[in-house]
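I have placed the structure first, in the form of structure tokens, so that the comments after it can refer back to it.
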Amino acid sequence: MQETCDAGQRSRPVGGLSRTTTLIFAVAAGLRVANIYFAQPLLDPIAKDFGIPAAAIGLVVTLTQIGYGLGLIFIVPLGDIVDRRRLVVGQGLLSVVALLAVATATTEAVLFASLAVMGMLAVAVQVLVAFAAALAAPAERGKVVGSVTGGVVIGILAARVVAGGLADLGGWRAVYVTSAALTAVMVGLLTLVLPRKILPASTDGYAETLRSIPALFLRDRVLLVRGVLALLIFATFSAFWTAIVLPLSAAPFNYSSTQIGLLSVVGLAGATAAMGAGRLADRGFAQWTTGSALSLLLLSWAMIACLPSSIPLLLVGVIVLDLAVQAVHVTNQSVIFARHPEARSRLVGGYMVFYSAGSAIGAIAATTAYASAGWDGVCWLGAAFSTAALLTWATTRHVGSGDASERVCPRTVERSCCRLNG
């Protein structure tokens, strides 16, 4: 595949993004991603409504992530070759339909199919992230990516609080009806604020664009390492947030969906603190940030394992876990976006396939571990994923160490757009 610097410049505006526009991107991304995380605090009422066994209820999350993964492969790369504005708005309208289908499902088959479609369409959030990265000025790209990713993080964690509260008031179906209404409102807002007349970054055809994704990750070891790290950290993240509802909803706690959802407020503190990781990556500390965050991730499971004997230690563990996961995630994206500017939608699509695979694996593995070994089994599983991530970083930390784009220095971004020619 031959790419040119001219192609890399096609989607780059002169003025960058204003703070207001960046905020709108962040809010839109947060609302869109929340749709695939509403189910986590609702697993118990959904299981009771449909008579799904505890060991299999993780399929609600897993199928959503599978749909998300398919969308990453087949939809997100379109952002490099079509009008991103139309792509985002179109996905939003279809998401409204899918959310209403989930809310009105009467059989397991309809529920699972609707969740998978909803997950597929939720990848609009990644189109927004790539869109923001393309519109940002080079010197502020890490900051903008961190801000939009921060909106995604807030959406993920706030989804649990909102879902729990709405479920207690009107049942789990009310969550998806409300989400459909909010998604429709956001589609209207995006129609007004998304930039117009931005040329696609690439002139490749759809088939060629899809074929280029695995080639990018196989040829560039930095991308591959960052993808593997994403798989492992989100397997850990998903394992915790999928399984925690099970012990907290049972004796001796018997927490309501609202109370379980409030646990996300605690995690929000740690995740918000990680938003500055993009700035550290811009300053050349990508590897240091990654290694430190992964060490904290492993440590967090020692505190999380104190459930049920110590709720305070669990809360500290949640803060540390979310801080670590999001710090690595922001750093990963800052690194990959700097490597091939002409292929940002393909890069984020390929990278997030690893993310989605990890989330799906973590969800089904955690509910299976809980069914067979209780909360201790979940904690050992989470610690194993965390250890694997730390070892992956330790054994590959020198990959790309002499490459300017690994340091994400803004002054080298212009040079990196010709990297594929060699």
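Labels used: A, B, ... for chains in the order of the structure tokens, numbers from 1 for residues in each chain, and numbers from 1 for ligands as shown.
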Q. Do you know which residues are at most 9 Å from Gly267 of chain A counting only C-alpha atoms, after dropping those on the same chain fewer than 6 positions away, and could you put them as a list in words?
A.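 Counting only the stated atoms, we get Leu157, Leu315, Val316, Gly317, Val318, Ile319, Val320, Leu321, Asp322 and Leu323 of chain A.
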Ala133 of chain A proximity check over A:Gly151, A:Pro195, A:Pro53, A:Pro341, using only C-alpha atoms: winner is A:Pro341
Choose the residue, out of A:Thr236, A:Thr368, A:Thr104, A:Thr203, that has the smallest atom-to-atom separation from Gly58 of chain A; count only C-alpha atoms.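 Of the candidates, the smallest distance to Gly58 of chain A is held by A:Thr368.
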For the contact check between segment 245-356 of chain A and segment 36-49 of chain A, emit one row per residue of segment 245-356 of chain A within 7 Å, containing the shortest atom pair and the distance in Å rounded to one decimal, counting only C-alpha atoms, chain then rising number order, as JSON lines.
{"residue": "A:Val245", "atom": "CA", "partner": "A:Pro41", "partner_atom": "CA", "distance": 6.0}
{"residue": "A:Ser257", "atom": "CA", "partner": "A:Pro41", "partner_atom": "CA", "distance": 6.1}
{"residue": "A:Ile260", "atom": "CA", "partner": "A:Pro41", "partner_atom": "CA", "distance": 6.7}
{"residue": "A:Gly261", "atom": "CA", "partner": "A:Pro41", "partner_atom": "CA", "distance": 6.2}
Kindly export the residues of the current selection with all heavy atoms, as a CSV table (one decimal), in the first residue's frame.
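That gives us result_37.csv:
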chain,number,residue,atom,x,y,z
A,245,VAL,N,-21.3,-6.7,40.2
A,245,VAL,CA,-22.7,-6.7,40.5
A,245,VAL,C,-23.2,-7.9,41.2
A,245,VAL,O,-24.1,-7.9,42.0
A,245,VAL,CB,-23.5,-6.4,39.2
A,245,VAL,CG1,-23.4,-7.6,38.2
A,245,VAL,CG2,-24.9,-6.1,39.5
A,257,SER,N,-29.7,-1.7,42.4
A,257,SER,CA,-29.0,-1.3,41.2
A,257,SER,C,-28.4,0.1,41.3
A,257,SER,O,-27.3,0.4,40.8
A,257,SER,CB,-30.0,-1.4,40.0
A,257,SER,OG,-30.4,-2.7,39.8
A,260,ILE,N,-25.2,-0.1,43.5
A,260,ILE,CA,-24.1,-0.7,42.8
A,260,ILE,C,-23.6,0.3,41.7
A,260,ILE,O,-22.4,0.5,41.5
A,260,ILE,CB,-24.6,-2.0,42.1
A,260,ILE,CG1,-24.9,-3.0,43.2
A,260,ILE,CG2,-23.5,-2.5,41.2
A,260,ILE,CD1,-25.5,-4.3,42.6
A,261,GLY,N,-24.6,1.0,41.1
A,261,GLY,CA,-24.2,2.0,40.1
A,261,GLY,C,-23.3,3.1,40.6
A,261,GLY,O,-22.4,3.7,40.0
Which polymer residues have any atom within 7 Å of an atom of Arg346 of chain A, counting only C-alpha atoms, with same-chain residues fewer than 4 positions away left out, as a VMD selection string? chain A and resid 76 to 77 213 350
Check which residues of segment 218-292 of chain A sit at most 10 Å from segment 376-395 of chain A using only C-alpha atoms, and return one row each with the closest pair of atoms and their distance in Å to one decimal, ordered by chain and rising number, as CSV.
residue,atom,partner,partner_atom,distance
A:Val225,CA,A:Thr392,CA,7.8
A:Arg226,CA,A:Trp393,CA,8.9
A:Val228,CA,A:Ala389,CA,8.0
A:Leu229,CA,A:Ala389,CA,5.7
A:Ala230,CA,A:Ala389,CA,8.6
A:Leu231,CA,A:Ala389,CA,8.7
A:Leu232,CA,A:Ala389,CA,5.6
A:Ile233,CA,A:Ser386,CA,6.6
A:Phe234,CA,A:Phe385,CA,9.0
A:Ala235,CA,A:Phe385,CA,6.8
A:Thr236,CA,A:Gly382,CA,5.0
A:Phe237,CA,A:Gly382,CA,8.0
A:Ser238,CA,A:Gly382,CA,9.2
A:Ala239,CA,A:Gly382,CA,6.5
A:Phe240,CA,A:Gly382,CA,7.1
A:Ala243,CA,A:Val378,CA,7.4
A:Ile244,CA,A:Val378,CA,9.0
A:Gln287,CA,A:Trp393,CA,8.5
A:Thr290,CA,A:Trp393,CA,7.7
A:Gly291,CA,A:Trp393,CA,6.7
A:Ser292,CA,A:Leu390,CA,9.3
Separating atom CA of Val125 of chain A from atom CA of Ala29 of chain A, to the nearest tenth of an Å, is a gap of 4.8 Å
What separates atom CA of Gly92 of chain A and atom CA of Met120 of chain A is a distance of 11.3 Å
Next on the checklist: Could you tell me how far atom CA of Leu280 of chain A sits from atom CA of Asp80 of chain A, in Å to one decimal place?
Outcome noted: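 That distance, rounded to one decimal, is 27.5 Å.
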Query - Selected residue of minimal separation from Ile66 of chain A among A:Phe25, A:Trp172, A:Tyr370, A:Phe354, counting only C-alpha atoms - result: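 The shortest atom-to-atom distance to Ile66 of chain A comes from A:Phe354.
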Inset, instruction - Going by DSSP on the backbone, which bits of segment 234-296 of chain A are alpha helix (DSSP H)? Write them as a PyMOL selection string, please. - result: chain A and resi 234-243+245-248+257-273+277-282+286-296
Put those residues in a file: N, CA and C atoms, as a CSV table (one decimal), in the first residue's frame.
chain,number,residue,atom,x,y,z
A,234,PHE,N,-8.3,-4.1,29.2
A,234,PHE,CA,-9.7,-4.1,29.1
A,234,PHE,C,-10.3,-5.4,29.5
A,235,ALA,N,-9.6,-6.5,29.4
A,235,ALA,CA,-10.1,-7.8,29.9
A,235,ALA,C,-10.1,-7.6,31.4
A,236,THR,N,-9.1,-7.0,32.0
A,236,THR,CA,-9.1,-6.7,33.5
A,236,THR,C,-10.3,-5.8,33.9
A,237,PHE,N,-10.4,-4.7,33.2
A,237,PHE,CA,-11.5,-3.7,33.4
A,237,PHE,C,-12.8,-4.4,33.3
A,238,SER,N,-13.1,-5.1,32.3
A,238,SER,CA,-14.4,-5.7,32.1
A,238,SER,C,-14.7,-6.8,33.1
A,239,ALA,N,-13.6,-7.6,33.5
A,239,ALA,CA,-13.8,-8.6,34.5
A,239,ALA,C,-14.3,-8.0,35.8
A,240,PHE,N,-13.7,-6.9,36.2
A,240,PHE,CA,-14.2,-6.3,37.5
A,240,PHE,C,-15.6,-5.8,37.3
A,241,TRP,N,-15.9,-4.9,36.3
A,241,TRP,CA,-17.1,-4.2,36.3
A,241,TRP,C,-18.3,-5.1,35.9
A,242,THR,N,-18.0,-6.2,35.2
A,242,THR,CA,-19.1,-7.2,34.9
A,242,THR,C,-19.4,-8.0,36.1
A,243,ALA,N,-18.4,-8.5,36.9
A,243,ALA,CA,-18.7,-9.4,38.0
A,243,ALA,C,-19.0,-8.7,39.3
A,245,VAL,N,-21.3,-6.7,40.2
A,245,VAL,CA,-22.7,-6.7,40.5
A,245,VAL,C,-23.2,-7.9,41.2
A,246,LEU,N,-22.5,-9.1,40.9
A,246,LEU,CA,-23.0,-10.3,41.5
A,246,LEU,C,-22.8,-10.5,43.0
A,247,PRO,N,-21.6,-10.2,43.6
A,247,PRO,CA,-21.5,-10.3,45.0
A,247,PRO,C,-22.3,-9.2,45.7
A,248,LEU,N,-22.3,-8.0,45.1
A,248,LEU,CA,-22.9,-6.8,45.8
A,248,LEU,C,-24.4,-6.9,45.8
A,257,SER,N,-29.7,-1.7,42.4
A,257,SER,CA,-29.0,-1.3,41.2
A,257,SER,C,-28.4,0.1,41.3
A,258,THR,N,-29.2,1.0,42.0
A,258,THR,CA,-28.7,2.3,42.2
A,258,THR,C,-27.4,2.3,43.1
A,259,GLN,N,-27.4,1.6,44.1
A,259,GLN,CA,-26.2,1.5,45.0
A,259,GLN,C,-25.0,1.0,44.3
A,260,ILE,N,-25.2,-0.1,43.5
A,260,ILE,CA,-24.1,-0.7,42.8
A,260,ILE,C,-23.6,0.3,41.7
A,261,GLY,N,-24.6,1.0,41.1
A,261,GLY,CA,-24.2,2.0,40.1
A,261,GLY,C,-23.3,3.1,40.6
A,262,LEU,N,-23.6,3.5,41.9
A,262,LEU,CA,-22.8,4.6,42.5
A,262,LEU,C,-21.4,4.2,42.7
A,263,LEU,N,-21.0,2.9,42.7
A,263,LEU,CA,-19.6,2.5,42.7
A,263,LEU,C,-18.8,3.2,41.6
A,264,SER,N,-19.5,3.4,40.5
A,264,SER,CA,-18.8,4.1,39.4
A,264,SER,C,-18.4,5.5,39.6
A,265,VAL,N,-19.1,6.2,40.6
A,265,VAL,CA,-18.6,7.5,40.9
A,265,VAL,C,-17.3,7.5,41.6
A,266,VAL,N,-17.0,6.4,42.3
A,266,VAL,CA,-15.7,6.3,42.9
A,266,VAL,C,-14.6,6.0,41.8
A,267,GLY,N,-15.0,5.2,40.9
A,267,GLY,CA,-14.0,4.9,39.8
A,267,GLY,C,-13.8,6.1,38.9
A,268,LEU,N,-14.8,7.0,38.9
A,268,LEU,CA,-14.7,8.2,38.0
A,268,LEU,C,-13.5,9.1,38.5
A,269,ALA,N,-13.3,9.1,39.8
A,269,ALA,CA,-12.2,9.9,40.4
A,269,ALA,C,-10.8,9.5,39.8
A,270,GLY,N,-10.6,8.2,39.8
A,270,GLY,CA,-9.4,7.6,39.2
A,270,GLY,C,-9.3,7.8,37.7
A,271,ALA,N,-10.4,7.6,37.0
A,271,ALA,CA,-10.4,7.7,35.6
A,271,ALA,C,-10.1,9.1,35.1
A,272,THR,N,-10.7,10.1,35.8
A,272,THR,CA,-10.6,11.5,35.5
A,272,THR,C,-9.1,11.9,35.7
A,273,ALA,N,-8.5,11.4,36.7
A,273,ALA,CA,-7.1,11.8,37.0
A,273,ALA,C,-6.2,11.3,35.9
A,277,ALA,N,-2.7,11.9,31.0
A,277,ALA,CA,-1.7,10.9,30.5
A,277,ALA,C,-1.3,11.3,29.0
A,278,GLY,N,-2.2,11.9,28.3
A,278,GLY,CA,-1.9,12.3,26.9
A,278,GLY,C,-0.8,13.4,26.9
A,279,ARG,N,-0.9,14.3,27.9
A,279,ARG,CA,0.2,15.3,28.0
A,279,ARG,C,1.5,14.7,28.3
A,280,LEU,N,1.5,13.7,29.2
A,280,LEU,CA,2.8,13.1,29.5
A,280,LEU,C,3.4,12.4,28.3
A,281,ALA,N,2.5,11.8,27.5
A,281,ALA,CA,3.0,11.1,26.3
A,281,ALA,C,3.5,12.2,25.3
A,282,ASP,N,2.9,13.3,25.2
A,282,ASP,CA,3.4,14.4,24.3
A,282,ASP,C,4.8,14.8,24.7
A,286,ALA,N,5.8,8.3,27.4
A,286,ALA,CA,4.8,7.3,27.0
A,286,ALA,C,5.1,5.9,27.7
A,287,GLN,N,6.4,5.5,27.6
A,287,GLN,CA,6.8,4.2,28.2
A,287,GLN,C,6.7,4.3,29.8
A,288,TRP,N,7.2,5.4,30.3
A,288,TRP,CA,7.2,5.5,31.8
A,288,TRP,C,5.8,5.5,32.3
A,289,THR,N,4.9,6.2,31.6
A,289,THR,CA,3.5,6.2,32.1
A,289,THR,C,2.8,4.8,32.0
A,290,THR,N,3.1,4.1,30.9
A,290,THR,CA,2.6,2.8,30.7
A,290,THR,C,3.0,1.8,31.8
A,291,GLY,N,4.3,1.8,32.0
A,291,GLY,CA,4.9,0.9,33.0
A,291,GLY,C,4.3,1.2,34.4
A,292,SER,N,4.3,2.4,34.8
A,292,SER,CA,3.8,2.8,36.1
A,292,SER,C,2.3,2.5,36.3
A,293,ALA,N,1.5,2.7,35.2
A,293,ALA,CA,0.1,2.5,35.3
A,293,ALA,C,-0.2,1.0,35.4
A,294,LEU,N,0.6,0.2,34.7
A,294,LEU,CA,0.4,-1.3,34.7
A,294,LEU,C,0.8,-1.9,36.1
A,295,SER,N,1.8,-1.3,36.7
A,295,SER,CA,2.1,-1.7,38.1
A,295,SER,C,1.0,-1.4,39.1
A,296,LEU,N,0.4,-0.3,38.9
A,296,LEU,CA,-0.7,0.1,39.8
A,296,LEU,C,-1.9,-0.8,39.5
Using only C-alpha atoms, can you tell me which of A:Val127, A:Pro214, A:His329, A:Ala184 comes closest to Gly79 of chain A?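 Nearest candidate to Gly79 of chain A out of A:Val127, A:Pro214, A:His329, A:Ala184: A:Val127.
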Which polymer residues have any atom within 9 Å of an atom of Thr22 of chain A, counting only C-alpha atoms, with same-chain residues fewer than 5 positions away left out, as a PDB file with N, CA and C atoms, in the first residue's frame?
ATOM      1  N   LEU A  17      -8.982  22.674  16.887  1.00  0.00           N
ATOM      2  CA  LEU A  17     -10.286  22.606  17.540  1.00  0.00           C
ATOM      3  C   LEU A  17     -10.356  23.605  18.682  1.00  0.00           C
ATOM      4  N   VAL A  27     -18.570  15.201  24.965  1.00  0.00           N
ATOM      5  CA  VAL A  27     -19.912  14.858  25.452  1.00  0.00           C
ATOM      6  C   VAL A  27     -20.592  13.869  24.511  1.00  0.00           C
ATOM      7  N   ALA A 132     -11.695  14.011  15.855  1.00  0.00           N
ATOM      8  CA  ALA A 132     -11.088  15.036  16.704  1.00  0.00           C
ATOM      9  C   ALA A 132      -9.576  15.078  16.535  1.00  0.00           C
ATOM     10  N   VAL A 144      -6.080  16.994  23.008  1.00  0.00           N
ATOM     11  CA  VAL A 144      -7.435  16.813  22.484  1.00  0.00           C
ATOM     12  C   VAL A 144      -7.888  15.365  22.623  1.00  0.00           C
ATOM     13  N   SER A 147      -8.793  14.729  26.131  1.00  0.00           N
ATOM     14  CA  SER A 147     -10.074  15.335  26.515  1.00  0.00           C
ATOM     15  C   SER A 147     -11.260  14.527  25.998  1.00  0.00           C
ATOM     16  N   VAL A 148     -11.212  14.128  24.722  1.00  0.00           N
ATOM     17  CA  VAL A 148     -12.316  13.350  24.159  1.00  0.00           C
ATOM     18  C   VAL A 148     -12.380  11.973  24.813  1.00  0.00           C
TER      19      VAL A 148
END
*asked:* So that I can check the surroundings of Ala55 of chain A, please list as number ranges by chain every protein, DNA and RNA residue that reaches within 10 Å of it, counting only C-alpha atoms and ignoring chain neighbours fewer than 6 positions away.
replied: A: 364-372
Could the residues in this selection be saved with N, CA and C atoms as a PDB file, in the first residue's frame?
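And here's again_4.pdb as it stands now:
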ATOM      1  N   ILE A 364     -17.133 -12.616  29.905  1.00  0.00           N
ATOM      2  CA  ILE A 364     -17.584 -14.005  30.010  1.00  0.00           C
ATOM      3  C   ILE A 364     -16.689 -14.806  30.947  1.00  0.00           C
ATOM      4  N   ALA A 365     -15.381 -14.493  30.982  1.00  0.00           N
ATOM      5  CA  ALA A 365     -14.476 -15.200  31.890  1.00  0.00           C
ATOM      6  C   ALA A 365     -14.790 -14.868  33.340  1.00  0.00           C
ATOM      7  N   ALA A 366     -15.167 -13.618  33.618  1.00  0.00           N
ATOM      8  CA  ALA A 366     -15.442 -13.210  34.991  1.00  0.00           C
ATOM      9  C   ALA A 366     -16.699 -13.865  35.546  1.00  0.00           C
ATOM     10  N   THR A 367     -17.773 -13.897  34.746  1.00  0.00           N
ATOM     11  CA  THR A 367     -18.999 -14.529  35.242  1.00  0.00           C
ATOM     12  C   THR A 367     -18.810 -16.037  35.403  1.00  0.00           C
ATOM     13  N   THR A 368     -18.015 -16.633  34.521  1.00  0.00           N
ATOM     14  CA  THR A 368     -17.713 -18.064  34.654  1.00  0.00           C
ATOM     15  C   THR A 368     -16.878 -18.323  35.900  1.00  0.00           C
ATOM     16  N   ALA A 369     -15.873 -17.467  36.134  1.00  0.00           N
ATOM     17  CA  ALA A 369     -15.019 -17.611  37.325  1.00  0.00           C
ATOM     18  C   ALA A 369     -15.826 -17.428  38.601  1.00  0.00           C
ATOM     19  N   TYR A 370     -16.760 -16.484  38.581  1.00  0.00           N
ATOM     20  CA  TYR A 370     -17.575 -16.256  39.775  1.00  0.00           C
ATOM     21  C   TYR A 370     -18.486 -17.448  40.056  1.00  0.00           C
ATOM     22  N   ALA A 371     -19.044 -18.024  38.996  1.00  0.00           N
ATOM     23  CA  ALA A 371     -19.929 -19.176  39.173  1.00  0.00           C
ATOM     24  C   ALA A 371     -19.202 -20.381  39.745  1.00  0.00           C
ATOM     25  N   SER A 372     -17.911 -20.516  39.431  1.00  0.00           N
ATOM     26  CA  SER A 372     -17.166 -21.699  39.875  1.00  0.00           C
ATOM     27  C   SER A 372     -16.319 -21.466  41.121  1.00  0.00           C
TER      28      SER A 372
END
